[in-house]
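Peer 1: My questions all concern the structure below.
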Amino acid sequence: MSVFQRIGNALARFMYGRNGMDQLNRTLFLAYFSLWIIELVLRFTVKNTVIIRMLEALLLALMLLILLRMFSRNLPKRQAENQRWVNWVWRMKSRNAGAKARHADKEHKYFTCKSCKAVCRVPVGKGKIVITCPRCGAQINAKT
């Protein structure tokens with residue numbers, strides 16, 4: 001067995017039962033890398049050391065968080081954190097996709113209920129109407 005295979009096996013044994021890199025850690029690492037690039041640019045352009053020191057402290061804290069999550073053996077807690085992150089990203093993406101689809105739909109007009117935030121769709125060209133929210137039953141006076 002070569003030296004590199006032994007090192008790889010030892011690393012695999014060490015990481016067994018640990019969290020490793022998940023979606024949240026990848027995002028944190030991209031944030032770390034972006035802030036590091038900004039810090040490098042500021043180091044050579046700005047002579048204000050307070051801003052650079054604050055960025056360095058933020059970078060250190062971010063790297064410690066990444067390492068803590070990566071080497072953590074508390075898998076259920078790390079998986080729950082990652083799942084909350086993935087759900088939040090999915091909600092943002094689907095909200096943007098829904099907004100684009102609603103904007104492209106020229107045959108309907110969309111109204112948001114003030115009480116429950118449900119989106120109600122009605123045909124265009126009906127004049128002034130009263131819309132009843134299907135979720136909570138609230139009345140919306142609107143012009144289509």
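Following the order of the structure tokens, chains are lettered A, B, ..., residues in each are numbered from 1, and ligands are numbered from 1.
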From a DSSP calculation on the backbone, collect every residue of chain A in helix (DSSP H, G or I) and output the set as JSON, numbers by chain.

Peer 2: {"A": [3, 4, 5, 6, 7, 8, 9, 10, 11, 12, 13, 14, 15, 23, 24, 25, 26, 27, 28, 29, 30, 31, 32, 33, 34, 35, 36, 37, 38, 39, 40, 41, 42, 43, 44, 45, 49, 50, 51, 52, 53, 54, 55, 56, 57, 58, 59, 60, 61, 62, 63, 64, 65, 66, 67, 68, 69, 70, 71, 75, 76, 77, 78, 79, 80, 81, 82, 83, 84, 85, 86, 87, 88, 89, 90, 91, 92, 93, 94, 95, 96, 97, 98, 99, 100, 101, 102, 103, 104]}

Peer 1: When DSSP works through the backbone of this structure, what residues of range 66-142 of chain A end up as strand (DSSP E), shown as a ChimeraX atom specification?

Peer 2: /A:108-112,119-123,128-132,139-142

Peer 1: Taking only C-alpha atoms into account, name the residue in A:Ile140, A:Met21, A:Ile38, A:Met15 that is nearest to Arg69 in chain A.

Peer 2: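 Once distances to Arg69 in chain A are computed over only C-alpha atoms, the minimum belongs to A:Met21.
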
Peer 1: Which one is closest to Arg18 in chain A: A:Gln79, A:Asn87, A:Asn96, A:Asn74? Count only C-alpha atoms.

Peer 2: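 The answer is A:Asn74, which sits nearest to Arg18 in chain A.
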
Peer 1: Which residues are near Phe29 in chain A? Cut-off 9 Å, only C-alpha atoms, ignore same chain within fewer than 4 positions. Put them as a ChimeraX atom specification.

Peer 2: /A:24-25,33-34,62-63,66

Peer 1: Keeping only N, CA and C atoms, write the selected residues as a compact mmCIF listing (two decimals), in the first residue's frame.

Peer 2:
```txt
# COMPACT_ATOMS: atom_id res chain seq x y z
N LEU A 24 -24.79 24.04 3.33
CA LEU A 24 -24.57 25.23 4.15
C LEU A 24 -23.08 25.53 4.29
N ASN A 25 -22.27 24.51 4.47
CA ASN A 25 -20.82 24.72 4.57
C ASN A 25 -20.25 25.25 3.26
N PHE A 33 -14.57 32.95 1.04
CA PHE A 33 -13.67 33.24 -0.08
C PHE A 33 -13.93 34.63 -0.64
N SER A 34 -15.20 35.02 -0.77
CA SER A 34 -15.54 36.35 -1.28
C SER A 34 -15.04 37.44 -0.34
N LEU A 62 -15.75 33.12 10.68
CA LEU A 62 -16.39 32.32 9.64
C LEU A 62 -15.64 31.00 9.42
N MET A 63 -14.32 31.05 9.43
CA MET A 63 -13.55 29.82 9.25
C MET A 63 -13.73 28.87 10.44
N ILE A 66 -17.05 27.20 9.98
CA ILE A 66 -16.98 26.18 8.93
C ILE A 66 -16.31 24.91 9.46
```

Peer 1: Extract, using only C-alpha atoms, all DNA, RNA and protein residues at most 10 Å from Lys117 in chain A, discarding same-chain residues fewer than 4 positions from it, and format them as a short mmCIF file (atom, residue, chain, number, x, y, z; two decimals) with N, CA and C atoms, in the first residue's frame.

Peer 2:
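Contents of out-v2.cif, as written:
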```cif
data_model
loop_
_atom_site.label_atom_id
_atom_site.label_comp_id
_atom_site.auth_asym_id
_atom_site.auth_seq_id
_atom_site.Cartn_x
_atom_site.Cartn_y
_atom_site.Cartn_z
N PHE A 111 -53.80 39.05 -6.80
CA PHE A 111 -53.97 39.87 -5.61
C PHE A 111 -53.50 39.07 -4.41
N THR A 112 -52.93 39.77 -3.44
CA THR A 112 -52.48 39.12 -2.21
C THR A 112 -53.43 39.50 -1.09
N CYS A 113 -53.90 38.49 -0.37
CA CYS A 113 -54.79 38.71 0.76
C CYS A 113 -54.00 39.39 1.87
N CYS A 133 -61.12 35.50 -0.38
CA CYS A 133 -59.90 34.69 -0.24
C CYS A 133 -60.29 33.24 0.01
N ARG A 135 -58.52 30.91 1.25
CA ARG A 135 -57.90 30.35 2.44
C ARG A 135 -58.57 30.84 3.73
N CYS A 136 -58.79 32.15 3.84
CA CYS A 136 -59.32 32.68 5.11
C CYS A 136 -60.70 33.31 4.98
#
```
